[in-house]
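Colleague: Dropping in protein.pdb, which is PDB, C-alpha atoms:
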ATOM      1  CA  MET A  20      11.299  -5.638  27.829  1.00  0.00           C
ATOM      2  CA  SER A  21      14.806  -6.429  29.009  1.00  0.00           C
ATOM      3  CA  GLU A  22      16.842  -4.371  31.420  1.00  0.00           C
ATOM      4  CA  THR A  23      19.416  -2.034  29.961  1.00  0.00           C
ATOM      5  CA  ALA A  24      22.988  -1.998  31.248  1.00  0.00           C
ATOM      6  CA  ILE A  25      22.260   1.294  33.021  1.00  0.00           C
ATOM      7  CA  GLU A  26      19.200  -0.194  34.751  1.00  0.00           C
ATOM      8  CA  LYS A  27      21.242  -3.241  35.813  1.00  0.00           C
ATOM      9  CA  ASP A  28      23.976  -0.987  37.220  1.00  0.00           C
ATOM     10  CA  ALA A  29      21.362   1.082  39.042  1.00  0.00           C
ATOM     11  CA  LEU A  30      19.775  -2.032  40.509  1.00  0.00           C
ATOM     12  CA  THR A  31      23.187  -3.306  41.604  1.00  0.00           C
ATOM     13  CA  ALA A  32      23.907   0.029  43.331  1.00  0.00           C
ATOM     14  CA  ALA A  33      20.564  -0.132  45.167  1.00  0.00           C
ATOM     15  CA  ARG A  34      21.158  -3.733  46.248  1.00  0.00           C
ATOM     16  CA  ASP A  35      24.730  -3.006  47.371  1.00  0.00           C
ATOM     17  CA  THR A  36      23.476  -0.070  49.436  1.00  0.00           C
ATOM     18  CA  LEU A  37      20.813  -2.218  51.101  1.00  0.00           C
ATOM     19  CA  ALA A  38      23.420  -4.884  51.882  1.00  0.00           C
ATOM     20  CA  THR A  39      26.238  -2.701  53.220  1.00  0.00           C
ATOM     21  CA  VAL A  40      25.159   0.742  54.423  1.00  0.00           C
ATOM     22  CA  PHE A  41      22.406   0.413  56.994  1.00  0.00           C
ATOM     23  CA  ALA A  42      22.266  -0.528  60.670  1.00  0.00           C
ATOM     24  CA  PRO A  43      21.603  -4.188  61.508  1.00  0.00           C
ATOM     25  CA  TRP A  44      17.994  -3.534  62.564  1.00  0.00           C
ATOM     26  CA  ILE A  45      17.302  -2.002  59.140  1.00  0.00           C
ATOM     27  CA  ALA A  46      19.020  -4.921  57.384  1.00  0.00           C
ATOM     28  CA  ALA A  47      16.692  -7.198  59.398  1.00  0.00           C
ATOM     29  CA  LEU A  48      13.749  -5.722  57.430  1.00  0.00           C
ATOM     30  CA  GLU A  49      15.147  -7.682  54.445  1.00  0.00           C
ATOM     31  CA  ILE A  50      14.005  -5.086  51.908  1.00  0.00           C
ATOM     32  CA  GLU A  51      14.599  -6.259  48.337  1.00  0.00           C
ATOM     33  CA  ALA A  52      15.381  -4.051  45.333  1.00  0.00           C
ATOM     34  CA  LEU A  53      13.440  -5.589  42.435  1.00  0.00           C
ATOM     35  CA  ALA A  54      13.812  -3.304  39.418  1.00  0.00           C
ATOM     36  CA  ALA A  55      15.233   0.072  38.457  1.00  0.00           C
ATOM     37  CA  ASP A  56      14.358   2.406  35.615  1.00  0.00           C
ATOM     38  CA  GLU A  57      15.107   5.975  34.590  1.00  0.00           C
ATOM     39  CA  THR A  58      12.757   7.472  37.214  1.00  0.00           C
ATOM     40  CA  GLY A  59      13.197   5.255  40.261  1.00  0.00           C
ATOM     41  CA  VAL A  60      13.283   1.829  41.868  1.00  0.00           C
ATOM     42  CA  ASN A  61      10.758  -0.824  42.886  1.00  0.00           C
ATOM     43  CA  PHE A  62      11.298  -2.527  46.235  1.00  0.00           C
ATOM     44  CA  ARG A  63       9.593  -5.213  48.284  1.00  0.00           C
ATOM     45  CA  LEU A  64       9.228  -5.376  52.049  1.00  0.00           C
ATOM     46  CA  PRO A  65       8.667  -9.084  52.738  1.00  0.00           C
ATOM     47  CA  GLU A  66       6.104 -10.490  55.129  1.00  0.00           C
ATOM     48  CA  ASN A  67       7.214  -9.847  58.701  1.00  0.00           C
ATOM     49  CA  ARG A  68       4.872 -10.378  61.661  1.00  0.00           C
ATOM     50  CA  ASP A  69       7.412  -8.685  63.945  1.00  0.00           C
ATOM     51  CA  LEU A  70       6.526  -5.335  62.326  1.00  0.00           C
ATOM     52  CA  ALA A  71       2.892  -5.501  63.480  1.00  0.00           C
ATOM     53  CA  HIS A  72       1.655  -3.663  66.550  1.00  0.00           C
ATOM     54  CA  ALA A  73      -1.114  -4.876  68.873  1.00  0.00           C
ATOM     55  CA  GLY A  74      -3.741  -3.937  66.266  1.00  0.00           C
ATOM     56  CA  GLY A  75      -2.313  -6.508  63.839  1.00  0.00           C
ATOM     57  CA  VAL A  76      -1.071  -4.049  61.207  1.00  0.00           C
ATOM     58  CA  ILE A  77       2.429  -2.808  60.346  1.00  0.00           C
ATOM     59  CA  CYS A  78       3.356   0.002  62.724  1.00  0.00           C
ATOM     60  CA  GLY A  79       4.008   3.449  61.316  1.00  0.00           C
ATOM     61  CA  GLN A  80       7.596   3.429  62.528  1.00  0.00           C
ATOM     62  CA  ALA A  81       8.324   0.405  60.325  1.00  0.00           C
ATOM     63  CA  THR A  82       6.770   1.909  57.201  1.00  0.00           C
ATOM     64  CA  ALA A  83       8.556   5.223  57.748  1.00  0.00           C
ATOM     65  CA  SER A  84      11.864   3.382  58.255  1.00  0.00           C
ATOM     66  CA  ALA A  85      11.309   1.326  55.115  1.00  0.00           C
ATOM     67  CA  ALA A  86      10.477   4.487  53.146  1.00  0.00           C
ATOM     68  CA  ASP A  87      13.639   6.267  54.286  1.00  0.00           C
ATOM     69  CA  THR A  88      15.773   3.193  53.603  1.00  0.00           C
ATOM     70  CA  CYS A  89      14.352   2.659  50.117  1.00  0.00           C
ATOM     71  CA  ALA A  90      14.775   6.352  49.334  1.00  0.00           C
ATOM     72  CA  VAL A  91      18.505   6.222  50.096  1.00  0.00           C
ATOM     73  CA  ALA A  92      18.885   3.023  48.053  1.00  0.00           C
ATOM     74  CA  ALA A  93      17.004   4.643  45.139  1.00  0.00           C
ATOM     75  CA  LEU A  94      19.353   7.633  45.283  1.00  0.00           C
ATOM     76  CA  SER A  95      22.262   5.189  45.101  1.00  0.00           C
ATOM     77  CA  ALA A  96      20.656   3.714  42.006  1.00  0.00           C
ATOM     78  CA  ALA A  97      20.283   7.163  40.467  1.00  0.00           C
ATOM     79  CA  ASN A  98      23.925   7.979  41.231  1.00  0.00           C
ATOM     80  CA  GLY A  99      25.330   4.587  40.320  1.00  0.00           C
ATOM     81  CA  ARG A 100      26.845   4.344  43.809  1.00  0.00           C
ATOM     82  CA  PHE A 101      26.129   5.202  47.425  1.00  0.00           C
ATOM     83  CA  ARG A 102      26.743   8.836  48.314  1.00  0.00           C
ATOM     84  CA  THR A 103      26.798   9.682  52.003  1.00  0.00           C
ATOM     85  CA  CYS A 104      23.632  11.610  52.710  1.00  0.00           C
ATOM     86  CA  THR A 105      21.299  12.534  55.521  1.00  0.00           C
ATOM     87  CA  THR A 106      17.544  12.899  55.655  1.00  0.00           C
ATOM     88  CA  VAL A 107      16.637  16.580  55.872  1.00  0.00           C
ATOM     89  CA  ASP A 108      12.867  16.181  55.778  1.00  0.00           C
ATOM     90  CA  MET A 109      10.353  13.378  55.380  1.00  0.00           C
ATOM     91  CA  THR A 110       6.622  13.985  55.250  1.00  0.00           C
ATOM     92  CA  THR A 111       4.540  10.837  55.600  1.00  0.00           C
ATOM     93  CA  HIS A 112       0.872  10.089  54.958  1.00  0.00           C
ATOM     94  CA  PHE A 113      -0.646   6.909  56.335  1.00  0.00           C
ATOM     95  CA  ILE A 114      -3.660   6.348  54.088  1.00  0.00           C
ATOM     96  CA  ARG A 115      -4.777   2.827  54.980  1.00  0.00           C
ATOM     97  CA  PRO A 116      -3.380   0.127  57.246  1.00  0.00           C
ATOM     98  CA  LEU A 117      -0.966  -2.458  55.894  1.00  0.00           C
ATOM     99  CA  LYS A 118      -1.087  -6.025  57.144  1.00  0.00           C
ATOM    100  CA  PRO A 119       2.323  -7.574  57.863  1.00  0.00           C
ATOM    101  CA  ASP A 120       2.216  -9.278  54.464  1.00  0.00           C
ATOM    102  CA  PRO A 121       4.529  -8.337  51.554  1.00  0.00           C
ATOM    103  CA  VAL A 122       4.488  -4.635  50.664  1.00  0.00           C
ATOM    104  CA  ALA A 123       5.294  -3.175  47.238  1.00  0.00           C
ATOM    105  CA  ILE A 124       7.318   0.036  47.460  1.00  0.00           C
ATOM    106  CA  ARG A 125       8.043   2.464  44.630  1.00  0.00           C
ATOM    107  CA  VAL A 126      10.526   5.321  44.984  1.00  0.00           C
ATOM    108  CA  GLU A 127      10.566   8.044  42.338  1.00  0.00           C
ATOM    109  CA  VAL A 128      13.595  10.334  42.295  1.00  0.00           C
ATOM    110  CA  LEU A 129      12.081  13.764  41.691  1.00  0.00           C
ATOM    111  CA  SER A 130      15.305  15.787  41.693  1.00  0.00           C
ATOM    112  CA  ASN A 131      18.907  14.729  42.180  1.00  0.00           C
ATOM    113  CA  GLY A 132      21.384  17.578  42.389  1.00  0.00           C
ATOM    114  CA  ARG A 133      24.939  18.053  43.543  1.00  0.00           C
ATOM    115  CA  ARG A 134      23.967  18.824  47.151  1.00  0.00           C
ATOM    116  CA  MET A 135      20.284  17.893  47.543  1.00  0.00           C
ATOM    117  CA  ALA A 136      17.889  15.215  46.311  1.00  0.00           C
ATOM    118  CA  TYR A 137      14.112  14.825  46.542  1.00  0.00           C
ATOM    119  CA  VAL A 138      12.039  11.648  46.362  1.00  0.00           C
ATOM    120  CA  ARG A 139       8.457  10.408  46.498  1.00  0.00           C
ATOM    121  CA  VAL A 140       7.693   7.010  48.062  1.00  0.00           C
ATOM    122  CA  GLU A 141       4.495   4.995  47.614  1.00  0.00           C
ATOM    123  CA  MET A 142       3.558   1.746  49.355  1.00  0.00           C
ATOM    124  CA  ARG A 143       0.794  -0.715  48.576  1.00  0.00           C
ATOM    125  CA  ALA A 144      -0.010  -4.176  49.835  1.00  0.00           C
ATOM    126  CA  GLU A 145       1.530  -6.478  47.253  1.00  0.00           C
ATOM    127  CA  GLY A 146      -1.086  -7.190  44.573  1.00  0.00           C
ATOM    128  CA  ASP A 147      -3.352  -4.317  45.664  1.00  0.00           C
ATOM    129  CA  THR A 148      -3.614  -1.183  43.532  1.00  0.00           C
ATOM    130  CA  ARG A 149      -4.835   0.950  46.440  1.00  0.00           C
ATOM    131  CA  LEU A 150      -2.299   3.346  47.918  1.00  0.00           C
ATOM    132  CA  ALA A 151      -1.581   2.709  51.617  1.00  0.00           C
ATOM    133  CA  PHE A 152       1.314   5.067  52.382  1.00  0.00           C
ATOM    134  CA  THR A 153       3.096   7.981  50.743  1.00  0.00           C
ATOM    135  CA  ALA A 154       6.095  10.043  51.704  1.00  0.00           C
ATOM    136  CA  THR A 155       8.144  12.821  50.222  1.00  0.00           C
ATOM    137  CA  GLY A 156      11.709  13.237  51.338  1.00  0.00           C
ATOM    138  CA  ALA A 157      14.592  15.651  51.025  1.00  0.00           C
ATOM    139  CA  TYR A 158      18.183  14.443  51.367  1.00  0.00           C
ATOM    140  CA  ALA A 159      21.407  16.427  51.708  1.00  0.00           C
ATOM    141  CA  TYR A 160      24.555  14.912  50.242  1.00  0.00           C
ATOM    142  CA  LEU A 161      27.438  15.215  52.670  1.00  0.00           C
ATOM    143  CA  ASP A 162      30.129  14.746  50.026  1.00  0.00           C
ATOM    144  CA  GLY A 163      29.001  17.596  47.781  1.00  0.00           C
TER     145      GLY A 163
END
Render the structure in this file as structure tokens.
Modeller:
Amino acid sequence: MSETAIEKDALTAARDTLATVFAPWIAALEIEALAADETGVNFRLPENRDLAHAGGVICGQATASAADTCAVAALSAANGRFRTCTTVDMTTHFIRPLKPDPVAIRVEVLSNGRRMAYVRVEMRAEGDTRLAFTATGAYAYLDG
């Protein structure tokens, strides 16, 4: 199935947000926006040994940062452009450890209003169907 023009525009908005909005240390994560559809965006966190702690797995701070970053990029996709926003709440659940190999990330936009937006984030080791991390987030738009 080919991408629609709307999905292509959404994907472009997500990619532009990843490339231009975030701090350099977030850009260094090299998160990739892969595909967008009517409910959300698929991302990829590439292999990065620098994200592992002494136990050899990706540290929680890195997964939480990736979740927050992907959520904002997914909201840009939903809006067709970046809207200045701030994280109001993020609840995270670390279900199983992730090795510092590629990670598949899916962000579903649950609600996207004039002033607030809500998302759900899921992470899995790339190629593994088992859920490793989930988050729900609330975002306030500062331009609304």
Colleague: Could you name the residues that touch A:Pro119 at 12 Å or less, counting all atoms listed in the file, but leaving out those on the same chain fewer than 5 positions away, as number ranges by chain?
Modeller: A: 48, 64-79, 81-82, 143-145
Colleague: Convert the current residue selection to file output with C-alpha atoms, as a tab-separated table (two decimals), in the coordinates of the input.
Modeller:
chain	number	residue	atom	x	y	z
A	48	LEU	CA	13.75	-5.72	57.43
A	64	LEU	CA	9.23	-5.38	52.05
A	65	PRO	CA	8.67	-9.08	52.74
A	66	GLU	CA	6.10	-10.49	55.13
A	67	ASN	CA	7.21	-9.85	58.70
A	68	ARG	CA	4.87	-10.38	61.66
A	69	ASP	CA	7.41	-8.68	63.94
A	70	LEU	CA	6.53	-5.34	62.33
A	71	ALA	CA	2.89	-5.50	63.48
A	72	HIS	CA	1.66	-3.66	66.55
A	73	ALA	CA	-1.11	-4.88	68.87
A	74	GLY	CA	-3.74	-3.94	66.27
A	75	GLY	CA	-2.31	-6.51	63.84
A	76	VAL	CA	-1.07	-4.05	61.21
A	77	ILE	CA	2.43	-2.81	60.35
A	78	CYS	CA	3.36	0.00	62.72
A	79	GLY	CA	4.01	3.45	61.32
A	81	ALA	CA	8.32	0.40	60.32
A	82	THR	CA	6.77	1.91	57.20
A	143	ARG	CA	0.79	-0.72	48.58
A	144	ALA	CA	-0.01	-4.18	49.84
A	145	GLU	CA	1.53	-6.48	47.25
Colleague: Within 12 Å of A:Ser84, counting all atoms listed in the file, which residues qualify if same-chain residues fewer than 5 places away don't, as a list in words?
Modeller: Phe41, Ala42, Trp44, Ile45, Ala46, Ala47, Leu48, Ile50, Leu64, Leu70, Ile77, Cys78, Gly79, Cys89, Ala90, Val91, Thr106, Met109, Thr111, Val140 and Ala154 of chain A
Colleague: Kindly save the residues from that selection, with C-alpha atoms included, as an mmCIF file, keeping the file's coordinate frame.
Modeller:
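Saved to part.cif:
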data_model
loop_
_atom_site.group_PDB
_atom_site.id
_atom_site.type_symbol
_atom_site.label_atom_id
_atom_site.label_comp_id
_atom_site.auth_asym_id
_atom_site.auth_seq_id
_atom_site.Cartn_x
_atom_site.Cartn_y
_atom_site.Cartn_z
ATOM 1 C CA PHE A 41 22.406 0.413 56.994
ATOM 2 C CA ALA A 42 22.266 -0.528 60.670
ATOM 3 C CA TRP A 44 17.994 -3.534 62.564
ATOM 4 C CA ILE A 45 17.302 -2.002 59.140
ATOM 5 C CA ALA A 46 19.020 -4.921 57.384
ATOM 6 C CA ALA A 47 16.692 -7.198 59.398
ATOM 7 C CA LEU A 48 13.749 -5.722 57.430
ATOM 8 C CA ILE A 50 14.005 -5.086 51.908
ATOM 9 C CA LEU A 64 9.228 -5.376 52.049
ATOM 10 C CA LEU A 70 6.526 -5.335 62.326
ATOM 11 C CA ILE A 77 2.429 -2.808 60.346
ATOM 12 C CA CYS A 78 3.356 0.002 62.724
ATOM 13 C CA GLY A 79 4.008 3.449 61.316
ATOM 14 C CA CYS A 89 14.352 2.659 50.117
ATOM 15 C CA ALA A 90 14.775 6.352 49.334
ATOM 16 C CA VAL A 91 18.505 6.222 50.096
ATOM 17 C CA THR A 106 17.544 12.899 55.655
ATOM 18 C CA MET A 109 10.353 13.378 55.380
ATOM 19 C CA THR A 111 4.540 10.837 55.600
ATOM 20 C CA VAL A 140 7.693 7.010 48.062
ATOM 21 C CA ALA A 154 6.095 10.043 51.704
#
Colleague: Please expand the PyMOL selection byres ((chain A and resi 128-135) around 10) into the concrete residues it hits in this file, giving the result as JSON, numbers by chain.
Modeller: {"A": [57, 58, 59, 60, 90, 93, 94, 96, 97, 98, 104, 105, 106, 107, 125, 126, 127, 136, 137, 138, 139, 140, 155, 156, 157, 158, 159, 160, 161, 162, 163]}
Colleague: With 3 Å on each side, where is the centre of the axis-aligned box around all listed atoms of stretch 28-32 of chain A, and how long are its edges in Å to one decimal, as AutoDock Vina command-line options?
Modeller:
--center_x 21.9 --center_y -1.1 --center_z 40.3 --size_x 10.2 --size_y 10.4 --size_z 12.1
Colleague: Please write as an MDAnalysis selection string the full residue list that the PyMOL selection byres ((chain A and resi 37) around 8) yields on this file.
Modeller: chainID A and resid 33:36 38:41 46 50:51 88 92
Colleague: Applying the PyMOL selection byres ((chain A and resi 30) around 7) to the file I just gave you, which residues come out? Please list them as a PDB file with C-alpha atoms, in the coordinates of the input.
Modeller:
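Output (part32.pdb):
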ATOM      1  CA  GLU A  26      19.200  -0.194  34.751  1.00  0.00           C
ATOM      2  CA  LYS A  27      21.242  -3.241  35.813  1.00  0.00           C
ATOM      3  CA  ASP A  28      23.976  -0.987  37.220  1.00  0.00           C
ATOM      4  CA  ALA A  29      21.362   1.082  39.042  1.00  0.00           C
ATOM      5  CA  THR A  31      23.187  -3.306  41.604  1.00  0.00           C
ATOM      6  CA  ALA A  32      23.907   0.029  43.331  1.00  0.00           C
ATOM      7  CA  ALA A  33      20.564  -0.132  45.167  1.00  0.00           C
ATOM      8  CA  ARG A  34      21.158  -3.733  46.248  1.00  0.00           C
ATOM      9  CA  ALA A  52      15.381  -4.051  45.333  1.00  0.00           C
ATOM     10  CA  ALA A  54      13.812  -3.304  39.418  1.00  0.00           C
ATOM     11  CA  ALA A  55      15.233   0.072  38.457  1.00  0.00           C
ATOM     12  CA  ALA A  96      20.656   3.714  42.006  1.00  0.00           C
TER      13      ALA A  96
END
Colleague: Report, in Å to a single decimal, how far apart atom CA of A:Thr153 and atom CA of A:Ile114 are.
Modeller: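 Atom-to-atom, atom CA of A:Ile114 and atom CA of A:Thr153 are spaced 7.7 Å apart.
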Colleague: Could you state the separation of atom CA of A:Phe113 and atom CA of A:Pro43 in Å, given to one decimal place?
Modeller: 25.4 Å
Colleague: Measure the distance from atom CA of A:Asp120 to atom CA of A:Ser95 in Å and round it to one decimal.
Modeller: 26.4 Å
Colleague: Compile the contact shell of A:Met142 as number ranges by chain: residues with an atom at most 8 Å away, counting only C-alpha atoms, same-chain residues fewer than 3 positions apart removed.
Modeller: A: 122-125, 150-153
